[in-house]
$ cat protein20.cif   # mmCIF, C-alpha atoms and all ligand atoms
data_input
#
loop_
_atom_site.label_atom_id
_atom_site.label_comp_id
_atom_site.auth_asym_id
_atom_site.auth_seq_id
_atom_site.Cartn_x
_atom_site.Cartn_y
_atom_site.Cartn_z
CA MET A 865 -9.17 5.90 13.04
CA ARG A 866 -9.69 2.81 15.13
CA PHE A 867 -13.13 1.35 15.41
CA PRO A 868 -14.62 1.70 18.93
CA ASP A 869 -14.00 -2.02 19.57
CA GLY A 870 -10.24 -1.49 19.24
CA SER A 871 -9.89 -3.08 15.84
CA ILE A 872 -7.46 -1.69 13.30
CA ARG A 873 -8.33 -0.12 9.94
CA VAL A 874 -5.78 -0.66 7.17
CA LEU A 875 -6.01 1.11 3.83
CA ALA A 876 -4.71 -1.09 1.01
CA ILE A 877 -3.31 0.48 -2.14
CA ALA A 878 -2.12 -1.37 -5.25
CA GLY A 879 0.51 0.43 -7.26
CA SER A 880 -0.95 -0.40 -10.67
CA LEU A 881 -4.36 0.29 -12.17
CA ARG A 882 -4.66 -3.14 -13.79
CA ARG A 883 -8.06 -4.52 -12.90
CA ASP A 884 -6.86 -8.08 -12.32
CA GLY A 885 -3.31 -7.16 -11.37
CA TYR A 886 -1.33 -9.48 -9.13
CA ASN A 887 -0.79 -6.74 -6.56
CA GLY A 888 -4.49 -6.03 -6.25
CA ARG A 889 -5.08 -9.77 -5.88
CA LEU A 890 -2.48 -9.89 -3.14
CA LEU A 891 -4.35 -7.16 -1.29
CA ASP A 892 -7.63 -9.03 -1.73
CA ALA A 893 -5.92 -12.04 -0.16
CA ALA A 894 -4.68 -9.80 2.66
CA ALA A 895 -8.24 -8.64 3.32
CA ARG A 896 -9.39 -12.26 3.44
CA ILE A 897 -6.72 -13.64 5.78
CA ALA A 898 -6.03 -10.63 8.00
CA PRO A 899 -6.35 -11.20 11.77
CA ALA A 900 -9.94 -10.76 12.92
CA HIS A 901 -9.29 -7.33 14.46
CA VAL A 902 -7.62 -5.97 11.28
CA HIS A 903 -9.95 -4.55 8.63
CA VAL A 904 -8.29 -4.18 5.23
CA VAL A 905 -10.09 -1.83 2.84
CA ARG A 906 -8.86 -1.24 -0.71
CA HIS A 907 -8.59 2.17 -2.36
CA ASP A 908 -7.62 2.34 -6.03
CA LEU A 909 -5.61 5.13 -7.58
CA ARG A 910 -7.70 5.50 -10.75
CA GLY A 911 -9.21 8.81 -9.64
CA VAL A 912 -5.89 10.52 -8.88
CA PRO A 913 -4.85 12.94 -11.64
CA LEU A 914 -1.26 13.68 -12.58
CA PHE A 915 0.40 15.90 -10.02
CA ASP A 916 0.52 19.48 -11.20
CA GLU A 917 1.33 22.41 -8.93
CA ASP A 918 -0.97 24.64 -10.97
CA LEU A 919 -3.86 22.24 -10.38
CA GLU A 920 -2.93 22.04 -6.71
CA ARG A 921 -2.97 25.82 -6.40
CA ALA A 922 -6.25 26.14 -8.32
CA THR A 923 -8.06 23.56 -6.19
CA GLY A 924 -6.78 24.48 -2.74
CA ASP A 925 -6.81 21.10 -1.04
CA GLY A 926 -6.54 19.22 -4.33
CA PRO A 927 -8.91 17.70 -6.88
CA ASP A 928 -11.65 15.27 -5.75
CA GLY A 929 -9.62 12.09 -6.29
CA VAL A 930 -6.75 13.45 -4.24
CA ARG A 931 -9.02 14.63 -1.43
CA ALA A 932 -10.67 11.20 -1.29
CA LEU A 933 -7.29 9.47 -1.14
CA ARG A 934 -5.94 11.87 1.49
CA GLU A 935 -9.03 11.41 3.66
CA ALA A 936 -8.81 7.64 3.32
CA VAL A 937 -5.15 7.69 4.41
CA ALA A 938 -5.88 10.09 7.28
CA GLY A 939 -8.71 7.86 8.48
CA ALA A 940 -6.63 4.69 8.43
CA ASP A 941 -4.44 3.37 11.24
CA GLY A 942 -1.99 2.06 8.67
CA VAL A 943 -1.43 1.83 4.93
CA LEU A 944 -0.55 -1.39 3.11
CA ILE A 945 1.04 -0.79 -0.30
CA ALA A 946 1.47 -3.60 -2.83
CA THR A 947 3.77 -2.36 -5.52
CA PRO A 948 4.47 -3.82 -8.93
CA GLU A 949 7.94 -3.31 -10.38
CA TYR A 950 8.22 -1.16 -13.50
CA ASN A 951 11.69 -0.73 -14.92
CA GLN A 952 13.30 -1.63 -11.60
CA SER A 953 11.30 0.96 -9.68
CA ILE A 954 7.75 1.77 -8.65
CA PRO A 955 5.05 2.58 -11.22
CA GLY A 956 4.50 6.26 -11.97
CA VAL A 957 0.89 5.88 -10.83
CA LEU A 958 2.06 5.06 -7.30
CA LYS A 959 4.80 7.69 -7.19
CA ASN A 960 2.27 10.26 -8.43
CA ALA A 961 -0.14 9.41 -5.61
CA LEU A 962 2.63 9.61 -3.02
CA ASP A 963 3.72 12.98 -4.40
CA TRP A 964 0.20 14.34 -3.88
CA LEU A 965 0.06 12.90 -0.37
CA SER A 966 3.45 14.37 0.52
CA ARG A 967 2.32 17.97 0.14
CA PRO A 968 2.29 20.00 3.35
CA ALA A 969 -1.14 21.53 2.81
CA PRO A 970 -3.75 20.90 3.99
CA VAL A 971 -2.08 18.13 6.01
CA GLU A 972 0.89 15.79 5.48
CA VAL A 973 -0.96 12.57 6.05
CA LEU A 974 2.02 10.28 5.54
CA VAL A 975 4.19 11.77 8.28
CA GLY A 976 4.42 9.18 11.04
CA LYS A 977 1.85 6.97 9.30
CA PRO A 978 2.53 3.26 9.75
CA VAL A 979 3.07 1.71 6.32
CA ALA A 980 3.78 -1.87 5.27
CA ILE A 981 4.93 -2.75 1.79
CA LEU A 982 4.89 -5.89 -0.31
CA GLY A 983 4.81 -6.69 -3.99
CA ALA A 984 4.26 -9.32 -6.66
CA SER A 985 5.84 -9.73 -10.05
CA PRO A 986 5.80 -12.49 -12.65
CA GLY A 987 9.59 -12.29 -12.70
CA ARG A 988 12.24 -13.96 -10.56
CA TRP A 989 13.02 -11.14 -8.15
CA GLY A 990 9.54 -10.39 -6.89
CA THR A 991 9.72 -6.56 -6.81
CA ARG A 992 12.93 -6.32 -4.76
CA LEU A 993 14.08 -3.18 -6.53
CA ALA A 994 10.63 -1.58 -6.55
CA GLN A 995 10.25 -2.15 -2.82
CA ALA A 996 13.68 -0.65 -2.18
CA ALA A 997 12.67 2.38 -4.24
CA LEU A 998 9.37 2.62 -2.37
CA ARG A 999 11.17 2.58 0.98
CA GLN A 1000 13.28 5.49 -0.22
CA VAL A 1001 10.20 7.53 -1.16
CA LEU A 1002 8.52 6.71 2.15
CA ALA A 1003 11.64 7.88 3.99
CA ALA A 1004 11.15 11.25 2.30
CA THR A 1005 7.52 11.34 3.44
CA GLU A 1006 8.68 10.47 7.00
CA SER A 1007 6.38 7.48 7.17
CA ALA A 1008 6.90 4.71 9.73
CA VAL A 1009 7.63 1.79 7.43
CA LEU A 1010 7.49 -1.72 8.87
CA PRO A 1011 11.12 -2.93 8.64
CA ALA A 1012 10.34 -6.66 8.51
CA PRO A 1013 9.14 -9.12 7.47
CA MET A 1014 9.39 -8.32 3.78
CA LEU A 1015 7.32 -10.14 1.18
CA PHE A 1016 8.53 -10.52 -2.40
CA VAL A 1017 6.11 -12.60 -4.44
CA ARG A 1018 7.95 -13.92 -7.49
CA ASP A 1019 6.50 -16.06 -10.31
CA ALA A 1020 3.17 -14.40 -9.53
CA ALA A 1021 1.39 -16.13 -12.40
CA GLN A 1022 1.69 -19.38 -10.40
CA ALA A 1023 0.60 -17.85 -7.08
CA PHE A 1024 -2.99 -17.11 -8.14
CA ASP A 1025 -5.65 -19.25 -9.80
CA ALA A 1026 -7.79 -18.26 -12.80
CA ASN A 1027 -10.24 -16.47 -10.48
CA GLY A 1028 -7.50 -14.41 -8.88
CA ALA A 1029 -7.45 -16.31 -5.59
CA LEU A 1030 -4.10 -16.78 -3.86
CA VAL A 1031 -3.27 -20.48 -4.05
CA ASP A 1032 0.37 -20.49 -2.95
CA ALA A 1033 0.35 -21.68 0.67
CA ALA A 1034 3.87 -20.39 1.38
CA VAL A 1035 2.95 -16.90 0.15
CA GLU A 1036 -0.24 -17.02 2.20
CA ALA A 1037 1.70 -17.93 5.34
CA SER A 1038 4.19 -15.09 4.68
CA LEU A 1039 1.34 -12.66 4.09
CA HIS A 1040 -0.24 -13.70 7.34
CA ARG A 1041 3.04 -13.11 9.21
CA LEU A 1042 3.40 -9.70 7.61
CA LEU A 1043 -0.14 -8.67 8.59
CA ASP A 1044 0.39 -9.88 12.15
CA ALA A 1045 3.63 -7.91 12.37
CA PHE A 1046 1.97 -4.83 10.88
CA ALA A 1047 -0.85 -4.94 13.44
CA GLY A 1048 1.81 -5.14 16.18
CA TRP A 1049 3.76 -2.28 14.58
CA ILE A 1050 0.66 -0.06 14.48
CA ASP A 1051 -0.10 -0.89 18.08
CA ALA A 1052 3.47 -0.19 19.18
CA LEU A 1053 3.53 3.16 17.38
CA HIS A 1054 0.08 4.45 18.09
CA GLY A 1055 -1.59 2.10 20.53
CA ASP A 1056 -0.99 4.23 23.61
CA ALA A 1057 -2.25 7.39 21.92
CA MET A 1058 -5.33 5.56 20.66
CA ARG A 1059 -6.05 4.01 24.05
CA ALA A 1060 -5.72 7.43 25.69
CA ALA A 1061 -8.06 9.09 23.19
C1 LIG B 1 6.38 -0.61 -18.07
C2 LIG B 1 6.64 -1.93 -17.40
C3 LIG B 1 7.87 -2.20 -16.86
C4 LIG B 1 8.11 -3.40 -16.18
N1 LIG B 1 9.31 -3.61 -15.58
C5 LIG B 1 9.49 -4.71 -14.78
C6 LIG B 1 10.67 -4.86 -13.99
O1 LIG B 1 11.57 -4.04 -14.02
N2 LIG B 1 10.77 -5.95 -13.19
C7 LIG B 1 9.75 -6.89 -13.12
O2 LIG B 1 9.88 -7.86 -12.36
N3 LIG B 1 8.62 -6.76 -13.85
C8 LIG B 1 8.48 -5.71 -14.69
N4 LIG B 1 7.31 -5.54 -15.40
C9 LIG B 1 6.28 -6.59 -15.33
C10 LIG B 1 5.34 -6.33 -14.17
O3 LIG B 1 5.93 -6.87 -13.01
C11 LIG B 1 4.00 -7.00 -14.46
O4 LIG B 1 3.36 -6.35 -15.53
C12 LIG B 1 3.10 -7.06 -13.24
O5 LIG B 1 2.08 -8.00 -13.49
C13 LIG B 1 2.52 -5.70 -12.88
O6 LIG B 1 1.83 -5.75 -11.66
P1 LIG B 1 0.22 -5.94 -11.58
O7 LIG B 1 -0.06 -7.33 -12.11
O8 LIG B 1 -0.11 -5.81 -10.16
O9 LIG B 1 -0.42 -4.88 -12.45
C14 LIG B 1 7.07 -4.36 -16.10
C15 LIG B 1 5.83 -4.08 -16.66
C16 LIG B 1 5.59 -2.88 -17.29
C17 LIG B 1 4.22 -2.58 -17.86
#
$ encode --input "protein20.cif" --output "structure tokens"
Amino acid sequence: MRFPDGSIRVLAIAGSLRRDGYNGRLLDAAARIAPAHVHVVRHDLRGVPLFDEDLERATGDGPDGVRALREAVAGADGVLIATPEYNQSIPGVLKNALDWLSRPAPVEVLVGKPVAILGASPGRWGTRLAQAALRQVLAATESAVLPAPMLFVRDAAQAFDANGALVDAAVEASLHRLLDAFAGWIDALHGDAMRAA
């Protein structure tokens, strides 16, 4: 949870495993430009096995990769998810992770958790359908999803340079607005509880 100085810890998850994926790059940019009191830390989904109720039962609180992800989500004040669009929806890798996190035992870490979503695609629509699908899943997990602003990064190949740095000033400004709004959203939802703790 919050650092003693009152700063906010945001866990950033990219919905694809691609090492130099646009969505991971977007999260790296978020970490770089976030307001000074917002610490964005990435967590990749590579270690999360396919959901399997038999495996869940055999391992109690889940396999190592799931436990690590659950603990990272539990320890964060908010979760920032950058989703690619696969076949007009979210990648299976991301849905799989959310399915693990949605399980009631040992703790439903996504219930009430502030979440902000964004996404980048090389296409013209910038993950509109994937983000809509992601909102639907996060309604099922009872997460507190930031309603606005939304960020759809289209033509992603032009938004980043050869080193993966975000070079589109308009996207950077939108990302900054989203992060500002997310910090305010987290504070509005949980600020009082955190200040009282
Ligand atoms: C299986 C598959 C399905 C895809 N379907 C879509 C799609 O429906 N809409 C879209 O804009 N891009 C689609 N794409 C292209 C992805 O947006 C593109 O691969 C993107 O770079 C993935 O995100 P990443 O760079 O963060 O890994 C698809 C890619 C794959 C591999």
$ residues_around --input "protein20.cif" --residues "segment 997-1008 of chain A" --least-positions-apart "4" --cutoff "12 Å" --atoms "all atoms listed in the file" --output "ChimeraX atom specification"
/A:879,937,941-956,958-968,972-983,991-993,1012,1014,1046,1049-1050,1052-1054
$ write_last_selection --input "protein20.cif" --atoms "C-alpha atoms" --output "PDB file, in the frame of the given file"
ATOM      1  CA  GLY A 879       0.510   0.430  -7.260  1.00  0.00           C
ATOM      2  CA  VAL A 937      -5.150   7.690   4.410  1.00  0.00           C
ATOM      3  CA  ASP A 941      -4.440   3.370  11.240  1.00  0.00           C
ATOM      4  CA  GLY A 942      -1.990   2.060   8.670  1.00  0.00           C
ATOM      5  CA  VAL A 943      -1.430   1.830   4.930  1.00  0.00           C
ATOM      6  CA  LEU A 944      -0.550  -1.390   3.110  1.00  0.00           C
ATOM      7  CA  ILE A 945       1.040  -0.790  -0.300  1.00  0.00           C
ATOM      8  CA  ALA A 946       1.470  -3.600  -2.830  1.00  0.00           C
ATOM      9  CA  THR A 947       3.770  -2.360  -5.520  1.00  0.00           C
ATOM     10  CA  PRO A 948       4.470  -3.820  -8.930  1.00  0.00           C
ATOM     11  CA  GLU A 949       7.940  -3.310 -10.380  1.00  0.00           C
ATOM     12  CA  TYR A 950       8.220  -1.160 -13.500  1.00  0.00           C
ATOM     13  CA  ASN A 951      11.690  -0.730 -14.920  1.00  0.00           C
ATOM     14  CA  GLN A 952      13.300  -1.630 -11.600  1.00  0.00           C
ATOM     15  CA  SER A 953      11.300   0.960  -9.680  1.00  0.00           C
ATOM     16  CA  ILE A 954       7.750   1.770  -8.650  1.00  0.00           C
ATOM     17  CA  PRO A 955       5.050   2.580 -11.220  1.00  0.00           C
ATOM     18  CA  GLY A 956       4.500   6.260 -11.970  1.00  0.00           C
ATOM     19  CA  LEU A 958       2.060   5.060  -7.300  1.00  0.00           C
ATOM     20  CA  LYS A 959       4.800   7.690  -7.190  1.00  0.00           C
ATOM     21  CA  ASN A 960       2.270  10.260  -8.430  1.00  0.00           C
ATOM     22  CA  ALA A 961      -0.140   9.410  -5.610  1.00  0.00           C
ATOM     23  CA  LEU A 962       2.630   9.610  -3.020  1.00  0.00           C
ATOM     24  CA  ASP A 963       3.720  12.980  -4.400  1.00  0.00           C
ATOM     25  CA  TRP A 964       0.200  14.340  -3.880  1.00  0.00           C
ATOM     26  CA  LEU A 965       0.060  12.900  -0.370  1.00  0.00           C
ATOM     27  CA  SER A 966       3.450  14.370   0.520  1.00  0.00           C
ATOM     28  CA  ARG A 967       2.320  17.970   0.140  1.00  0.00           C
ATOM     29  CA  PRO A 968       2.290  20.000   3.350  1.00  0.00           C
ATOM     30  CA  GLU A 972       0.890  15.790   5.480  1.00  0.00           C
ATOM     31  CA  VAL A 973      -0.960  12.570   6.050  1.00  0.00           C
ATOM     32  CA  LEU A 974       2.020  10.280   5.540  1.00  0.00           C
ATOM     33  CA  VAL A 975       4.190  11.770   8.280  1.00  0.00           C
ATOM     34  CA  GLY A 976       4.420   9.180  11.040  1.00  0.00           C
ATOM     35  CA  LYS A 977       1.850   6.970   9.300  1.00  0.00           C
ATOM     36  CA  PRO A 978       2.530   3.260   9.750  1.00  0.00           C
ATOM     37  CA  VAL A 979       3.070   1.710   6.320  1.00  0.00           C
ATOM     38  CA  ALA A 980       3.780  -1.870   5.270  1.00  0.00           C
ATOM     39  CA  ILE A 981       4.930  -2.750   1.790  1.00  0.00           C
ATOM     40  CA  LEU A 982       4.890  -5.890  -0.310  1.00  0.00           C
ATOM     41  CA  GLY A 983       4.810  -6.690  -3.990  1.00  0.00           C
ATOM     42  CA  THR A 991       9.720  -6.560  -6.810  1.00  0.00           C
ATOM     43  CA  ARG A 992      12.930  -6.320  -4.760  1.00  0.00           C
ATOM     44  CA  LEU A 993      14.080  -3.180  -6.530  1.00  0.00           C
ATOM     45  CA  ALA A1012      10.340  -6.660   8.510  1.00  0.00           C
ATOM     46  CA  MET A1014       9.390  -8.320   3.780  1.00  0.00           C
ATOM     47  CA  PHE A1046       1.970  -4.830  10.880  1.00  0.00           C
ATOM     48  CA  TRP A1049       3.760  -2.280  14.580  1.00  0.00           C
ATOM     49  CA  ILE A1050       0.660  -0.060  14.480  1.00  0.00           C
ATOM     50  CA  ALA A1052       3.470  -0.190  19.180  1.00  0.00           C
ATOM     51  CA  LEU A1053       3.530   3.160  17.380  1.00  0.00           C
ATOM     52  CA  HIS A1054       0.080   4.450  18.090  1.00  0.00           C
TER      53      HIS A1054
END
$ axis_aligned_box --input "protein20.cif" --around "ligand LIG 1 (chain B)" --padding-each-side "5 Å" --output "AutoDock Vina command-line options"
--center_x 5.6 --center_y -4.3 --center_z -14.1 --size_x 22.0 --size_y 17.4 --size_z 17.9
$ residues_near_point --input "protein20.cif" --point "(-12.1, 7.0, -4.1)" --cutoff "8 Å" --atoms "only C-alpha atoms" --output "mmCIF file with C-alpha atoms, in the frame of the given file"
data_model
loop_
_atom_site.group_PDB
_atom_site.id
_atom_site.type_symbol
_atom_site.label_atom_id
_atom_site.label_comp_id
_atom_site.auth_asym_id
_atom_site.auth_seq_id
_atom_site.Cartn_x
_atom_site.Cartn_y
_atom_site.Cartn_z
ATOM 1 C CA HIS A 907 -8.590 2.170 -2.360
ATOM 2 C CA ASP A 908 -7.620 2.340 -6.030
ATOM 3 C CA LEU A 909 -5.610 5.130 -7.580
ATOM 4 C CA GLY A 911 -9.210 8.810 -9.640
ATOM 5 C CA GLY A 929 -9.620 12.090 -6.290
ATOM 6 C CA ALA A 932 -10.670 11.200 -1.290
ATOM 7 C CA LEU A 933 -7.290 9.470 -1.140
#
$ atom_distance --input "protein20.cif" --atom1 "atom CA of Arg896 of chain A" --atom2 "atom C1 of ligand LIG 1 (chain B)"
29.1 Å
$ closest_residue --input "protein20.cif" --among "A:Arg988, A:Ala940, A:Pro1011, A:Thr923" --to "Pro970 of chain A" --atoms "all atoms listed in the file"
A:Thr923
$ closest_residue --input "protein20.cif" --among "A:Gly939, A:Asn887, A:Val971, A:Asn1027" --to "Leu1015 of chain A" --atoms "only C-alpha atoms"
A:Asn887
$ atom_distance --input "protein20.cif" --atom1 "atom CA of Val904 of chain A" --atom2 "atom CA of Ala876 of chain A"
6.3 Å
$ atom_distance --input "protein20.cif" --atom1 "atom CA of Ser985 of chain A" --atom2 "atom CA of Val902 of chain A"
25.5 Å
$ closest_residue --input "protein20.cif" --among "A:Gln995, A:Ala894, A:His901, A:Gln1022" --to "Gly1048 of chain A" --atoms "only C-alpha atoms"
A:His901
$ closest_residue --input "protein20.cif" --among "A:Arg906, A:Arg934, A:Arg921, A:Arg1018" --to "ligand LIG 1 (chain B)" --atoms "all atoms listed in the file"
A:Arg1018
$ closest_residue --input "protein20.cif" --among "A:Leu890, A:Leu875, A:Ala969, A:Val1009" --to "Gly926 of chain A" --atoms "all atoms listed in the file"
A:Ala969
$ residues_around --input "protein20.cif" --residues "Ala1037 of chain A" --least-positions-apart "5" --cutoff "12 Å" --atoms "only C-alpha atoms" --output "short mmCIF file (atom, residue, chain, number, x, y, z; two decimals) with C-alpha atoms, in the frame of the given file"
data_model
loop_
_atom_site.label_atom_id
_atom_site.label_comp_id
_atom_site.auth_asym_id
_atom_site.auth_seq_id
_atom_site.Cartn_x
_atom_site.Cartn_y
_atom_site.Cartn_z
CA ALA A 893 -5.92 -12.04 -0.16
CA ALA A 894 -4.68 -9.80 2.66
CA ILE A 897 -6.72 -13.64 5.78
CA ALA A 898 -6.03 -10.63 8.00
CA PRO A 1013 9.14 -9.12 7.47
CA LEU A 1015 7.32 -10.14 1.18
CA VAL A 1017 6.11 -12.60 -4.44
CA LEU A 1030 -4.10 -16.78 -3.86
CA VAL A 1031 -3.27 -20.48 -4.05
CA ASP A 1032 0.37 -20.49 -2.95
CA LEU A 1042 3.40 -9.70 7.61
CA LEU A 1043 -0.14 -8.67 8.59
CA ASP A 1044 0.39 -9.88 12.15
#
$ closest_residue --input "protein20.cif" --among "A:Glu935, A:Asp928, A:Asp869, A:Asp1019" --to "ligand LIG 1 (chain B)" --atoms "all atoms listed in the file"
A:Asp1019
$ decode --input "protein20.cif" --residues "segment 967-1014 of chain A" --atoms "C-alpha atoms" --output "mmCIF file, in the first residue's frame"
data_model
loop_
_atom_site.group_PDB
_atom_site.id
_atom_site.type_symbol
_atom_site.label_atom_id
_atom_site.label_comp_id
_atom_site.auth_asym_id
_atom_site.auth_seq_id
_atom_site.Cartn_x
_atom_site.Cartn_y
_atom_site.Cartn_z
ATOM 1 C CA ARG A 967 -11.044 -16.276 -7.551
ATOM 2 C CA PRO A 968 -12.503 -15.836 -4.067
ATOM 3 C CA ALA A 969 -9.743 -17.694 -2.247
ATOM 4 C CA PRO A 970 -7.468 -16.736 -0.672
ATOM 5 C CA VAL A 971 -8.608 -13.162 -1.370
ATOM 6 C CA GLU A 972 -10.417 -11.385 -4.230
ATOM 7 C CA VAL A 973 -7.833 -8.725 -4.814
ATOM 8 C CA LEU A 974 -9.668 -6.976 -7.638
ATOM 9 C CA VAL A 975 -12.837 -6.198 -5.688
ATOM 10 C CA GLY A 976 -12.918 -2.442 -5.155
ATOM 11 C CA LYS A 977 -9.412 -2.081 -6.598
ATOM 12 C CA PRO A 978 -8.937 1.138 -8.568
ATOM 13 C CA VAL A 979 -8.043 0.243 -12.154
ATOM 14 C CA ALA A 980 -7.257 2.428 -15.155
ATOM 15 C CA ILE A 981 -7.122 1.043 -18.661
ATOM 16 C CA LEU A 982 -5.522 2.155 -21.902
ATOM 17 C CA GLY A 983 -4.247 0.456 -25.009
ATOM 18 C CA ALA A 984 -2.198 0.762 -28.183
ATOM 19 C CA SER A 985 -2.626 -0.881 -31.542
ATOM 20 C CA PRO A 986 -1.026 -0.382 -34.940
ATOM 21 C CA GLY A 987 -4.528 -0.196 -36.398
ATOM 22 C CA ARG A 988 -6.950 2.702 -36.801
ATOM 23 C CA TRP A 989 -9.192 2.099 -33.801
ATOM 24 C CA GLY A 990 -6.595 1.970 -31.059
ATOM 25 C CA THR A 991 -8.024 -0.928 -28.990
ATOM 26 C CA ARG A 992 -11.552 0.493 -28.646
ATOM 27 C CA LEU A 993 -13.164 -2.933 -28.700
ATOM 28 C CA ALA A 994 -10.538 -4.525 -26.462
ATOM 29 C CA GLN A 995 -10.968 -1.779 -23.869
ATOM 30 C CA ALA A 996 -14.739 -2.207 -23.962
ATOM 31 C CA ALA A 997 -14.274 -5.944 -23.423
ATOM 32 C CA LEU A 998 -11.830 -5.278 -20.590
ATOM 33 C CA ARG A 999 -14.316 -2.975 -18.870
ATOM 34 C CA GLN A 1000 -16.878 -5.769 -19.019
ATOM 35 C CA VAL A 1001 -14.494 -8.242 -17.358
ATOM 36 C CA LEU A 1002 -13.549 -5.700 -14.693
ATOM 37 C CA ALA A 1003 -17.241 -5.143 -13.962
ATOM 38 C CA ALA A 1004 -17.458 -8.859 -13.169
ATOM 39 C CA THR A 1005 -14.479 -8.567 -10.818
ATOM 40 C CA GLU A 1006 -16.167 -5.549 -9.142
ATOM 41 C CA SER A 1007 -13.151 -3.359 -9.713
ATOM 42 C CA ALA A 1008 -13.388 0.436 -9.548
ATOM 43 C CA VAL A 1009 -12.501 1.321 -13.126
ATOM 44 C CA LEU A 1010 -11.612 4.930 -13.916
ATOM 45 C CA PRO A 1011 -14.455 6.084 -16.210
ATOM 46 C CA ALA A 1012 -12.508 8.800 -18.026
ATOM 47 C CA PRO A 1013 -10.348 9.940 -19.643
ATOM 48 C CA MET A 1014 -9.885 7.037 -22.027
#
